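Student: Structure file coords-v7.txt (compact mmCIF, C-alpha atoms) right here:
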```
# COMPACT_ATOMS: atom_id res chain seq x y z
CA MET A 177 7.37 22.51 -11.89
CA GLU A 178 9.18 20.04 -14.14
CA LEU A 179 11.33 22.76 -15.67
CA ASP A 180 12.56 23.80 -12.22
CA VAL A 181 13.65 20.27 -11.38
CA ARG A 182 15.39 19.89 -14.72
CA ALA A 183 17.35 23.12 -14.21
CA ALA A 184 18.25 22.07 -10.68
CA LEU A 185 19.45 18.70 -11.97
CA GLU A 186 21.72 20.48 -14.44
CA ARG A 187 23.33 22.32 -11.53
CA LEU A 188 23.46 19.10 -9.51
CA ALA A 189 25.25 17.32 -12.36
CA LEU A 190 27.96 19.99 -12.16
CA ARG A 191 28.19 19.63 -8.40
CA LEU A 192 28.44 15.83 -8.46
CA GLY A 193 30.22 15.27 -11.74
CA GLY A 194 32.69 18.15 -11.64
CA GLU A 195 33.32 20.96 -14.09
CA GLY A 196 31.89 20.33 -17.55
CA ALA A 197 29.50 17.61 -16.43
CA THR A 198 26.35 17.84 -18.49
CA LEU A 199 22.98 16.29 -17.98
CA SER A 200 22.36 13.65 -20.63
CA GLU A 201 18.96 12.53 -19.42
CA ALA A 202 16.28 13.64 -16.95
CA HIS A 203 12.72 12.41 -16.69
CA ARG A 204 10.15 11.90 -14.02
CA LEU A 205 9.55 8.24 -13.27
CA SER A 206 6.66 8.15 -10.86
CA GLY A 207 3.49 10.17 -10.50
CA GLY A 208 3.05 10.02 -6.74
CA ALA A 209 1.02 12.73 -5.05
CA SER A 210 3.60 13.86 -2.51
CA MET A 211 6.83 12.23 -3.68
CA GLU A 212 8.61 12.60 -7.01
CA THR A 213 11.13 10.19 -8.45
CA TRP A 214 13.35 11.32 -11.31
CA GLY A 215 15.81 9.31 -13.36
CA PHE A 216 18.79 11.33 -14.58
CA ALA A 217 22.25 10.76 -15.93
CA PHE A 218 25.34 12.79 -16.69
CA GLU A 219 28.84 12.40 -18.04
CA GLY A 220 31.19 13.54 -15.29
CA SER A 221 34.94 13.73 -14.87
CA GLU A 222 34.85 10.21 -13.35
CA GLY A 223 32.73 8.83 -16.20
CA PRO A 224 29.01 8.36 -16.74
CA GLU A 225 26.64 8.12 -13.81
CA ARG A 226 23.01 6.94 -13.84
CA LEU A 227 21.15 8.20 -10.81
CA ILE A 228 17.74 8.50 -9.19
CA LEU A 229 16.46 11.63 -7.47
CA ARG A 230 13.83 11.20 -4.80
CA ARG A 231 12.26 14.45 -3.66
CA ARG A 232 9.26 15.56 -1.67
CA SER A 233 7.03 17.85 -3.69
CA VAL A 234 4.77 19.00 -0.85
CA PRO A 235 6.02 20.22 2.55
CA PHE A 236 6.72 17.50 5.10
CA ASP A 237 4.73 17.57 8.32
CA PRO A 238 6.50 15.30 10.83
CA GLU A 239 3.76 15.75 13.44
CA ASN A 240 0.98 14.42 11.28
CA SER A 241 2.82 11.93 9.14
CA ARG A 242 3.66 8.29 9.60
CA ALA A 243 6.60 8.93 7.34
CA ILE A 244 10.18 9.84 8.17
CA SER A 245 12.16 12.65 6.54
CA LEU A 246 14.10 11.91 3.38
CA ALA A 247 17.38 12.58 5.21
CA THR A 248 16.41 9.91 7.76
CA GLU A 249 15.45 7.61 4.92
CA ALA A 250 18.88 8.08 3.33
CA ALA A 251 20.60 7.42 6.68
CA LEU A 252 18.67 4.17 7.09
CA ILE A 253 19.50 3.01 3.57
CA GLN A 254 23.18 3.63 4.32
CA ALA A 255 23.03 1.87 7.69
CA THR A 256 21.19 -1.21 6.43
CA GLY A 257 23.35 -1.33 3.30
CA ALA A 258 26.48 -1.37 5.49
CA ASN A 259 24.92 -4.32 7.32
CA GLY A 260 24.49 -6.29 4.10
CA ALA A 261 20.95 -5.35 3.08
CA LYS A 262 20.14 -5.05 -0.61
CA VAL A 263 19.56 -1.33 -1.01
CA PRO A 264 20.51 1.30 -3.60
CA GLY A 265 23.69 3.23 -2.83
CA VAL A 266 23.06 6.78 -1.56
CA ARG A 267 25.08 9.14 -3.77
CA HIS A 268 24.13 12.50 -2.27
CA VAL A 269 21.76 14.01 0.29
CA CYS A 270 20.53 17.34 -1.04
CA ASP A 271 20.99 20.59 0.84
CA PRO A 272 19.58 24.11 0.26
CA GLN A 273 22.34 24.79 -2.29
CA ASP A 274 20.76 22.22 -4.62
CA GLY A 275 17.42 24.04 -4.78
CA LEU A 276 15.52 20.77 -4.81
CA GLY A 277 13.95 20.98 -1.37
CA GLU A 278 13.94 17.81 0.66
CA ALA A 279 15.64 15.25 -1.57
CA TYR A 280 18.41 12.73 -1.99
CA VAL A 281 20.14 10.99 -4.86
CA MET A 282 20.78 7.28 -5.19
CA VAL A 283 22.54 5.08 -7.69
CA ARG A 284 20.15 3.62 -10.24
CA VAL A 285 19.49 -0.11 -9.83
CA ASP A 286 18.14 -1.95 -12.86
CA GLY A 287 15.10 -4.20 -12.58
CA GLU A 288 11.35 -4.22 -12.23
CA THR A 289 9.21 -2.79 -9.41
CA LEU A 290 5.74 -3.07 -10.93
CA GLY A 291 3.98 -5.67 -8.81
CA LYS A 292 1.76 -6.82 -11.66
CA LYS A 293 4.80 -7.64 -13.80
CA ILE A 294 6.55 -9.57 -11.03
CA VAL A 295 3.38 -11.61 -10.57
CA GLY A 296 2.50 -12.22 -14.21
CA ASP A 297 5.21 -11.31 -16.73
CA PRO A 298 6.78 -14.40 -18.36
CA ARG A 299 10.22 -12.77 -17.91
CA PHE A 300 9.89 -13.62 -14.21
CA ASP A 301 8.57 -17.17 -14.64
CA ALA A 302 11.95 -18.80 -13.99
CA ILE A 303 12.91 -16.77 -10.93
CA ARG A 304 9.41 -16.40 -9.43
CA PRO A 305 9.47 -19.63 -7.35
CA ALA A 306 12.65 -18.37 -5.61
CA LEU A 307 11.36 -14.90 -4.72
CA ALA A 308 9.46 -15.61 -1.49
CA ARG A 309 12.52 -17.25 0.03
CA GLN A 310 14.70 -14.36 -1.17
CA CYS A 311 12.32 -11.87 0.41
CA GLY A 312 12.68 -13.70 3.74
CA GLN A 313 16.45 -13.56 3.36
CA ALA A 314 16.38 -9.88 2.37
CA LEU A 315 14.65 -8.93 5.62
CA VAL A 316 17.30 -10.47 7.89
CA PRO A 317 20.08 -7.86 7.51
CA ILE A 318 17.50 -5.07 7.74
CA HIS A 319 16.06 -6.42 11.00
CA ALA A 320 19.60 -7.03 12.32
CA THR A 321 20.73 -3.43 11.73
CA PRO A 322 21.00 -1.46 14.98
CA ALA A 323 18.76 1.59 14.61
CA PRO A 324 21.08 4.57 14.08
CA ALA A 325 21.09 6.95 17.04
CA GLY A 326 19.27 10.25 16.89
CA LEU A 327 16.71 9.37 14.22
CA ASN A 328 13.78 9.17 16.66
CA LEU A 329 12.12 6.30 14.85
CA LYS A 330 8.66 5.41 16.09
CA ILE A 331 8.33 2.24 18.16
CA VAL A 332 5.24 0.20 17.32
CA ASP A 333 3.65 -3.05 18.47
CA GLY A 334 0.34 -4.73 17.68
CA ALA A 335 -1.61 -3.04 20.46
CA LEU A 336 -0.23 0.44 19.69
CA GLU A 337 -0.92 -0.01 16.00
CA LEU A 338 -4.53 -1.07 16.68
CA ASP A 339 -4.97 1.91 19.03
CA ARG A 340 -3.63 4.28 16.43
CA TYR A 341 -5.72 3.01 13.55
CA GLU A 342 -8.85 2.65 15.63
CA GLU A 343 -8.48 6.29 16.68
CA VAL A 344 -8.11 7.30 13.04
CA TYR A 345 -11.06 5.12 12.05
CA ARG A 346 -13.32 6.57 14.78
CA ALA A 347 -12.32 10.10 13.74
CA THR A 348 -13.45 9.43 10.16
CA GLY A 349 -17.02 8.89 11.35
CA ALA A 350 -17.39 5.93 8.97
CA ARG A 351 -19.33 2.92 10.29
CA ARG A 352 -18.09 -0.36 8.83
CA PRO A 353 -19.05 -3.59 10.62
CA ILE A 354 -16.22 -5.68 9.15
CA LEU A 355 -13.58 -3.18 10.25
CA GLU A 356 -15.16 -3.13 13.73
CA LEU A 357 -15.01 -6.91 13.89
CA ALA A 358 -11.39 -6.96 12.71
CA PHE A 359 -10.34 -4.49 15.43
CA GLN A 360 -12.11 -6.61 18.03
CA TYR A 361 -10.67 -9.90 16.78
CA LEU A 362 -7.09 -8.64 16.51
CA ARG A 363 -7.20 -7.18 20.02
CA LYS A 364 -8.17 -10.62 21.32
CA HIS A 365 -5.31 -12.25 19.40
CA LEU A 366 -2.36 -9.95 20.10
CA PRO A 367 0.91 -11.85 19.66
CA GLU A 368 3.27 -12.21 22.61
CA ARG A 369 5.74 -9.42 23.07
CA VAL A 370 8.95 -9.76 21.07
CA GLU A 371 12.25 -7.87 21.04
CA PRO A 372 11.60 -4.96 18.63
CA VAL A 373 13.86 -4.50 15.61
CA LEU A 374 14.39 -2.02 12.78
CA LEU A 375 11.62 -2.51 10.18
CA HIS A 376 11.38 -1.36 6.60
CA GLY A 377 7.72 -0.62 7.30
CA ASP A 378 6.45 -0.82 3.71
CA PHE A 379 7.90 -4.15 2.61
CA ARG A 380 5.55 -5.26 -0.15
CA ASN A 381 5.48 -6.21 -3.80
CA GLY A 382 5.81 -2.82 -5.52
CA ASN A 383 8.54 -1.48 -3.25
CA ILE A 384 11.11 -4.13 -4.11
CA MET A 385 13.28 -4.01 -7.25
CA PHE A 386 13.44 -7.48 -8.80
CA ASP A 387 15.85 -8.67 -11.46
CA PRO A 388 14.45 -11.32 -13.84
CA VAL A 389 17.60 -13.44 -13.43
CA HIS A 390 18.77 -12.84 -9.87
CA GLY A 391 15.57 -11.91 -8.02
CA VAL A 392 15.67 -9.32 -5.22
CA ALA A 393 17.92 -6.47 -6.39
CA ALA A 394 17.06 -3.67 -3.94
CA VAL A 395 14.56 -2.79 -1.25
CA LEU A 396 13.17 0.69 -1.96
CA ASP A 397 10.81 3.29 -0.44
CA TRP A 398 11.92 3.51 3.16
CA GLU A 399 9.66 6.36 4.25
CA LEU A 400 7.61 4.24 6.68
CA ALA A 401 10.60 2.69 8.48
CA HIS A 402 10.16 2.26 12.24
CA ILE A 403 10.94 -0.07 15.13
CA GLY A 404 8.71 -3.04 15.87
CA ASP A 405 7.79 -6.71 15.50
CA PRO A 406 9.79 -8.44 12.71
CA ALA A 407 6.61 -10.28 11.67
CA GLU A 408 5.11 -6.91 10.68
CA ASP A 409 7.34 -6.67 7.58
CA MET A 410 6.40 -10.26 6.67
CA GLY A 411 2.67 -9.76 7.19
CA TRP A 412 2.58 -6.67 4.98
CA ILE A 413 4.05 -8.42 1.93
CA CYS A 414 1.37 -11.11 2.43
CA THR A 415 -1.54 -8.65 2.53
CA ASN A 416 -3.85 -9.47 -0.38
CA SER A 417 -4.09 -5.86 -1.60
CA TRP A 418 -0.46 -6.31 -2.75
CA ARG A 419 -0.86 -9.70 -4.46
CA PHE A 420 -1.94 -8.16 -7.76
CA GLY A 421 -4.72 -10.58 -8.59
CA ARG A 422 -3.01 -13.75 -7.33
CA PRO A 423 -4.61 -14.43 -3.93
CA ASP A 424 -3.53 -18.08 -4.27
CA ARG A 425 0.11 -17.03 -3.78
CA PRO A 426 0.14 -15.39 -0.34
CA VAL A 427 3.59 -13.79 -0.49
CA GLY A 428 3.30 -10.80 -2.80
CA GLY A 429 1.27 -12.79 -5.35
CA PHE A 430 4.40 -14.82 -6.18
CA GLY A 431 5.14 -17.25 -3.36
CA ASP A 432 4.17 -19.27 -0.30
CA TYR A 433 4.34 -18.54 3.40
CA ALA A 434 6.65 -21.50 4.06
CA ASP A 435 9.33 -20.18 1.69
CA LEU A 436 9.24 -16.68 3.19
CA LEU A 437 9.62 -18.08 6.71
CA ALA A 438 12.28 -20.63 5.70
CA GLY A 439 14.33 -17.98 3.87
CA TYR A 440 14.23 -15.76 6.94
CA ALA A 441 15.32 -18.55 9.31
CA ALA A 442 17.99 -19.89 6.92
CA ALA A 443 19.62 -16.44 6.71
CA GLY A 444 19.87 -16.28 10.50
CA GLY A 445 16.63 -14.54 11.39
CA ARG A 446 14.90 -15.64 14.59
CA PRO A 447 12.22 -18.12 13.44
CA ILE A 448 8.73 -16.65 13.26
CA ASP A 449 5.40 -18.50 13.59
CA LEU A 450 2.99 -18.31 10.68
CA SER A 451 0.15 -17.24 13.00
CA ARG A 452 2.19 -14.18 13.96
CA VAL A 453 2.65 -13.29 10.28
CA ARG A 454 -1.08 -13.81 9.73
CA PHE A 455 -1.85 -11.44 12.61
CA TRP A 456 0.16 -8.72 10.90
CA GLN A 457 -1.29 -9.63 7.51
CA MET A 458 -4.81 -9.14 8.85
CA LEU A 459 -3.75 -5.94 10.57
CA GLY A 460 -2.24 -4.96 7.22
CA SER A 461 -5.59 -5.30 5.47
CA LEU A 462 -7.28 -3.38 8.28
CA ARG A 463 -4.64 -0.64 8.19
CA TRP A 464 -4.94 -0.33 4.41
CA GLY A 465 -8.71 -0.09 4.78
CA VAL A 466 -8.40 2.75 7.30
CA MET A 467 -5.79 4.46 5.12
CA CYS A 468 -8.19 4.30 2.17
CA LEU A 469 -10.84 6.00 4.31
CA THR A 470 -8.46 8.78 5.31
CA MET A 471 -7.45 9.34 1.69
CA TYR A 472 -11.11 9.84 0.82
CA LEU A 473 -11.48 12.25 3.75
CA SER A 474 -8.51 14.31 2.59
CA TRP A 475 -10.54 14.93 -0.56
CA ARG A 476 -13.85 15.56 1.24
CA ASP A 477 -12.19 18.07 3.56
CA GLY A 478 -10.55 19.86 0.65
CA ALA A 479 -6.93 19.10 1.48
CA GLU A 480 -6.53 17.11 -1.74
CA LYS A 481 -8.34 17.77 -5.00
CA SER A 482 -7.33 14.75 -7.07
CA VAL A 483 -10.01 12.33 -8.36
CA GLU A 484 -7.64 9.59 -7.20
CA ARG A 485 -8.55 10.21 -3.56
CA PRO A 486 -12.27 9.46 -3.50
CA MET A 487 -11.68 6.44 -5.74
CA ILE A 488 -9.13 5.09 -3.25
CA GLY A 489 -11.93 5.46 -0.70
CA ARG A 490 -13.83 2.83 -2.66
CA ARG A 491 -10.96 0.41 -2.06
CA VAL A 492 -12.07 -0.03 1.56
CA SER A 493 -14.40 -2.76 0.33
CA GLU A 494 -11.48 -4.79 -1.02
CA THR A 495 -9.99 -4.91 2.48
CA GLU A 496 -13.40 -5.88 3.86
CA ALA A 497 -13.71 -8.71 1.35
CA ASP A 498 -10.27 -9.95 2.47
CA LEU A 499 -10.85 -9.38 6.19
CA VAL A 500 -14.11 -11.31 6.27
CA VAL A 501 -12.32 -14.35 4.81
CA LEU A 502 -9.41 -14.01 7.25
CA LEU A 503 -11.90 -13.76 10.12
CA GLU A 504 -13.56 -16.96 8.92
CA GLN A 505 -10.22 -18.75 8.60
CA GLY A 506 -8.71 -17.47 11.85
CA LEU A 507 -5.00 -16.78 12.29
CA MET B 213 -37.00 7.20 -15.15
CA ILE B 214 -35.89 8.16 -18.65
CA THR B 215 -34.53 5.12 -20.49
CA HIS B 216 -33.18 6.66 -23.70
CA PRO B 217 -30.47 6.99 -22.39
CA ARG B 218 -30.49 5.48 -18.93
CA THR B 219 -28.36 7.15 -16.24
CA GLU B 220 -25.76 4.37 -16.25
CA GLU B 221 -25.41 4.81 -20.01
CA LEU B 222 -24.57 8.48 -19.51
CA ALA B 223 -21.87 7.47 -17.03
CA GLN B 224 -20.55 4.84 -19.47
CA SER B 225 -20.40 7.37 -22.28
CA VAL B 226 -18.25 9.68 -20.15
CA ALA B 227 -15.98 6.75 -19.23
CA LEU B 228 -15.59 5.92 -22.92
CA TRP B 229 -14.76 9.51 -23.83
CA LEU B 230 -12.14 9.69 -21.09
CA GLU B 231 -10.50 6.57 -22.50
CA GLN B 232 -10.61 8.11 -25.99
CA ILE B 233 -8.73 11.25 -24.97
CA ARG B 234 -6.21 9.51 -22.70
CA PRO B 235 -3.57 9.04 -25.42
CA SER B 236 -3.38 12.83 -25.90
CA LEU B 237 -2.68 13.52 -22.22
CA ASP B 238 0.56 13.82 -20.27
CA PRO B 239 1.35 10.79 -18.07
CA ARG B 240 -0.09 12.23 -14.86
CA ASN B 241 -3.34 13.31 -16.47
CA ALA B 242 -3.56 10.07 -18.46
CA PHE B 243 -3.41 8.24 -15.14
CA LEU B 244 -6.04 10.50 -13.58
CA ALA B 245 -8.26 10.12 -16.65
CA ARG B 246 -8.16 6.35 -16.19
CA VAL B 247 -9.12 6.82 -12.54
CA ALA B 248 -11.97 9.12 -13.60
CA ALA B 249 -13.16 6.57 -16.16
CA ASN B 250 -13.13 3.93 -13.42
CA ALA B 251 -15.17 6.27 -11.22
CA MET B 252 -17.76 6.52 -14.02
CA GLN B 253 -17.88 2.72 -14.30
CA THR B 254 -18.36 2.47 -10.54
CA ILE B 255 -21.26 4.92 -10.73
CA SER B 256 -22.76 2.85 -13.53
CA ARG B 257 -22.45 -0.39 -11.52
CA GLU B 258 -23.85 1.22 -8.40
CA ILE B 259 -26.92 2.35 -10.32
CA THR B 260 -27.53 -1.13 -11.71
CA LEU B 261 -26.42 -3.34 -8.79
CA GLY B 262 -26.78 -1.02 -5.79
CA PRO B 263 -30.53 -1.22 -5.09
CA ALA B 264 -30.64 -5.05 -4.93
CA ALA B 265 -27.44 -5.13 -2.86
CA GLU B 266 -28.92 -2.69 -0.38
CA VAL B 267 -32.16 -4.69 -0.05
CA GLU B 268 -30.10 -7.83 0.57
CA ALA B 269 -27.87 -6.08 3.14
CA VAL B 270 -30.91 -4.75 5.00
CA ARG B 271 -32.46 -8.24 5.09
CA LEU B 272 -29.23 -9.88 6.31
CA MET B 273 -28.47 -7.26 8.97
CA ALA B 274 -32.07 -7.32 10.24
CA GLU B 275 -31.90 -11.10 10.54
CA VAL B 276 -28.62 -11.10 12.47
CA LEU B 277 -29.76 -8.26 14.73
CA GLY B 278 -33.32 -9.52 15.22
CA THR B 279 -34.66 -6.05 14.56
CA SER B 280 -35.77 -3.88 11.63
CA GLY B 281 -34.76 -0.49 10.29
CA THR B 282 -33.18 1.40 7.42
CA HIS B 283 -29.77 0.42 6.05
CA ALA B 284 -28.09 3.25 7.98
CA GLU B 285 -29.86 2.33 11.23
CA LEU B 286 -29.08 -1.37 10.99
CA ASN B 287 -25.49 -0.72 9.96
CA ALA B 288 -24.97 1.61 12.94
CA GLU B 289 -26.61 -0.87 15.32
CA LEU B 290 -24.40 -3.68 14.02
CA CYS B 291 -21.26 -1.55 14.53
CA GLU B 292 -22.32 -0.67 18.07
CA ARG B 293 -22.98 -4.28 19.04
CA ILE B 294 -19.59 -5.36 17.66
CA GLN B 295 -17.78 -2.45 19.28
CA SER B 296 -19.39 -3.23 22.65
CA GLY B 297 -18.27 -6.84 22.36
CA GLU B 298 -21.82 -8.16 22.38
CA MET B 299 -21.29 -9.62 18.89
CA THR B 300 -18.14 -11.51 17.89
CA VAL B 301 -16.90 -13.86 15.17
CA GLU B 302 -18.72 -16.58 17.17
CA THR B 303 -22.13 -14.90 16.78
CA PRO B 304 -24.27 -17.28 14.67
CA GLY B 305 -24.80 -15.96 11.15
CA LEU B 306 -22.72 -12.79 11.57
CA LEU B 307 -19.71 -13.71 9.42
CA ALA B 308 -21.94 -15.36 6.81
CA ALA B 309 -24.02 -12.17 6.51
CA LEU B 310 -20.97 -9.89 6.39
CA SER B 311 -19.43 -12.12 3.76
CA VAL B 312 -22.41 -11.66 1.40
CA ILE B 313 -22.52 -7.90 2.06
CA ALA B 314 -18.78 -7.60 1.32
CA ARG B 315 -19.12 -9.65 -1.87
CA ASP B 316 -21.97 -7.45 -3.13
CA GLN B 317 -20.00 -4.29 -2.39
CA ILE B 318 -16.81 -5.44 -4.13
CA ALA B 319 -18.94 -6.32 -7.18
CA ILE B 320 -19.79 -2.61 -7.37
CA ASP B 321 -16.44 -1.11 -6.37
CA GLN B 322 -13.94 -3.46 -8.04
CA PRO B 323 -15.50 -6.42 -9.88
CA ASN B 324 -12.07 -7.67 -10.97
CA TYR B 325 -10.64 -7.76 -7.46
CA ARG B 326 -9.84 -11.30 -6.35
CA PRO B 327 -10.30 -11.48 -2.58
CA GLU B 328 -8.41 -13.59 -0.12
CA GLY B 329 -9.36 -17.24 -0.52
CA SER B 330 -10.19 -17.03 -4.27
CA ILE B 331 -8.76 -19.94 -6.22
```
Translate this file's structure into structure tokens.

Tutor:
Amino acid sequence: MELDVRAALERLALRLGGEGATLSEAHRLSGGASMETWGFAFEGSEGPERLILRRRSVPFDPENSRAISLATEAALIQATGANGAKVPGVRHVCDPQDGLGEAYVMVRVDGETLGKKIVGDPRFDAIRPALARQCGQALVPIHATPAPAGLNLKIVDGALELDRYEEVYRATGARRPILELAFQYLRKHLPERVEPVLLHGDFRNGNIMFDPVHGVAAVLDWELAHIGDPAEDMGWICTNSWRFGRPDRPVGGFGDYADLLAGYAAAGGRPIDLSRVRFWQMLGSLRWGVMCLTMYLSWRDGAEKSVERPMIGRRVSETEADLVVLLEQGL
Amino acid sequence: MITHPRTEELAQSVALWLEQIRPSLDPRNAFLARVAANAMQTISREITLGPAAEVEAVRLMAEVLGTSGTHAELNAELCERIQSGEMTVETPGLLAALSVIARDQIAIDQPNYRPEGSI
């Protein structure tokens, strides 16, 4: 299919760059199963442009997906960006004329997204101690953005999220004592109700573009955005599955809880208790465990054929190893 | 069982071959070949570590439950007692047993994974 995308990008370069604009570069950046990211560039009448195409490569099923459409994603990036959030500029939302299916184009932001590099590459040694605080700051304008009307974003709280994932877990037929115990424990420790806000929904090391000098450059991958508890976005970046081998640094494998919370409060966010973040962190491990089970099932049931799927199923045990420690520690 | 080669050695030889051909593959298939090689390594570890881990899990679950049975029976019983609320994090010995079972399983699935609480 790569040739089709390339040809479509040539037409898109003409549409965006004006007559005579020619594609100077086009290559696929990520190998996701359902989402493609392409880097491309062209010389247009207004000068050179370096862009990113994000397109869905398999049909979107809004009924059965946690994700939002790419058009909704683009609208949220624009809305949060207008409110001061660090996001890539949206250059173009694709329509049928582009022949790219569901897709949009954003301005390319330079930096690093590979979690392992952020955590371990010496290029990030100098900035690393500042990143947890910056992540707290970065969440404030996102959470303060009024949810744009008409997008029908899902509203979630701790109890609803536990209901949803327990239903999915029961449907898998798997029997895992540690997951059972985590469901039970989290239900007994639901945080008090809080005014729900717009959430990124997948705020973790790997979905944030970091610059080695300036730190947080852009918050990417908005497909799981929804409305809910602000501590959910903080708990997810603290979930050990996204610390890339540095469990001693709870925020993304690069920083401490106190800096994340202080950065959030200093930028005007309503202060959040650590125990509330830990609730969502534990729920994050549990959710990732259930997601790993469902990815295995998509292979067993024949919906997906990739060897990646059953191997992700074996990642359930990593969440169990984390959950059992969190259950011992308490929130 | 045949020992020349042992089953885990067959799995390791496939993992090695997959790594050898990876450089000739396109990026997507190179990634999948690495995943497949990891799957072979997991199979190899399960063959060597799995039996002892299962014996240990059966012993620990039987002790916590005060009953006996196969791994599947004990595991199901444990899940039911937690789901019903009869067993909780306060139940003596439960978290300690689950901790050992989880550690043994991660040693098979992802020996390099560093769980929460590792220094």

Student: Residues of chain B near chain A: apply a cut-off of 7 Å, count all atoms listed in the file, and supply the list as JSON, numbers by chain.

Tutor: {"B": [240, 244, 247, 248, 251, 288, 290, 291, 294, 295, 300, 307, 310, 311, 314, 315, 317, 318, 321, 325, 326, 327, 328, 329, 330, 331]}

Student: Between atom CA of Asp435 of chain A and atom CA of Glu408 of chain A, what is the distance in Å, rounded to a tenth?

Tutor: 16.6 Å

Student: Could you please determine the separation between atom CA of Arg454 of chain A and atom CA of Val316 of chain A in Å, to one decimal place?

Tutor: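 Those two atoms sit 18.8 Å apart.
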
Student: Just give me the gap between atom CA of Asp274 of chain A and atom CA of Gly223 of chain A in Å, one decimal is fine.

Tutor: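 It comes out at 21.4 Å.
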
Student: Given only C-alpha atoms as the basis, pick out the residue of B:Val312, B:Val267, B:Ala319, B:Leu277 nearest to Met299 of chain B.

Tutor: B:Leu277

Student: Go through A:Ile403, A:Leu459, A:Ala393, A:Ala202 one by one, measure the shortest atom-to-atom distance of each to Ile331 of chain A using only C-alpha atoms, and give the residue with the smallest value.

Tutor: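 Ranked by minimum distance to Ile331 of chain A, first place goes to A:Ile403.
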
Student: Kindly extract all protein, DNA and RNA residues lying within 10 Å of the coordinates (23.4, 8.7, -14.1) given in the file, considering only C-alpha atoms, and supply them as a list in words.

Tutor: Ala189, Gly193, Leu199, Ser200, Glu201, Ala202, Gly215, Phe216, Ala217, Phe218, Glu219, Gly220, Gly223, Pro224, Glu225, Arg226, Leu227, Ile228, Met282, Val283 and Arg284 of chain A

Student: Which of these residues is nearest to Asn287 of chain B, using all atoms listed in the file: B:Leu272, B:Met252, B:Val301, B:Met213?

Tutor: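 Nearest to Asn287 of chain B: B:Leu272.
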
Student: Quick one: everything within 8 Å of segment 248-255 of chain A, counting all atoms listed in the file, minus sequence neighbours fewer than 6 positions away in the same chain. Send it as a PyMOL selection string.

Tutor: chain A and resi 263-266+269+280+321+323-324+327+398-399+401

Student: Check the smallest atom-to-atom distance from each of A:Val373, A:Arg232, A:Arg446, A:Tyr341 to Ser461 of chain A using all atoms listed in the file, then report the winner.

Tutor: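 Ranked by minimum distance to Ser461 of chain A, first place goes to A:Tyr341.
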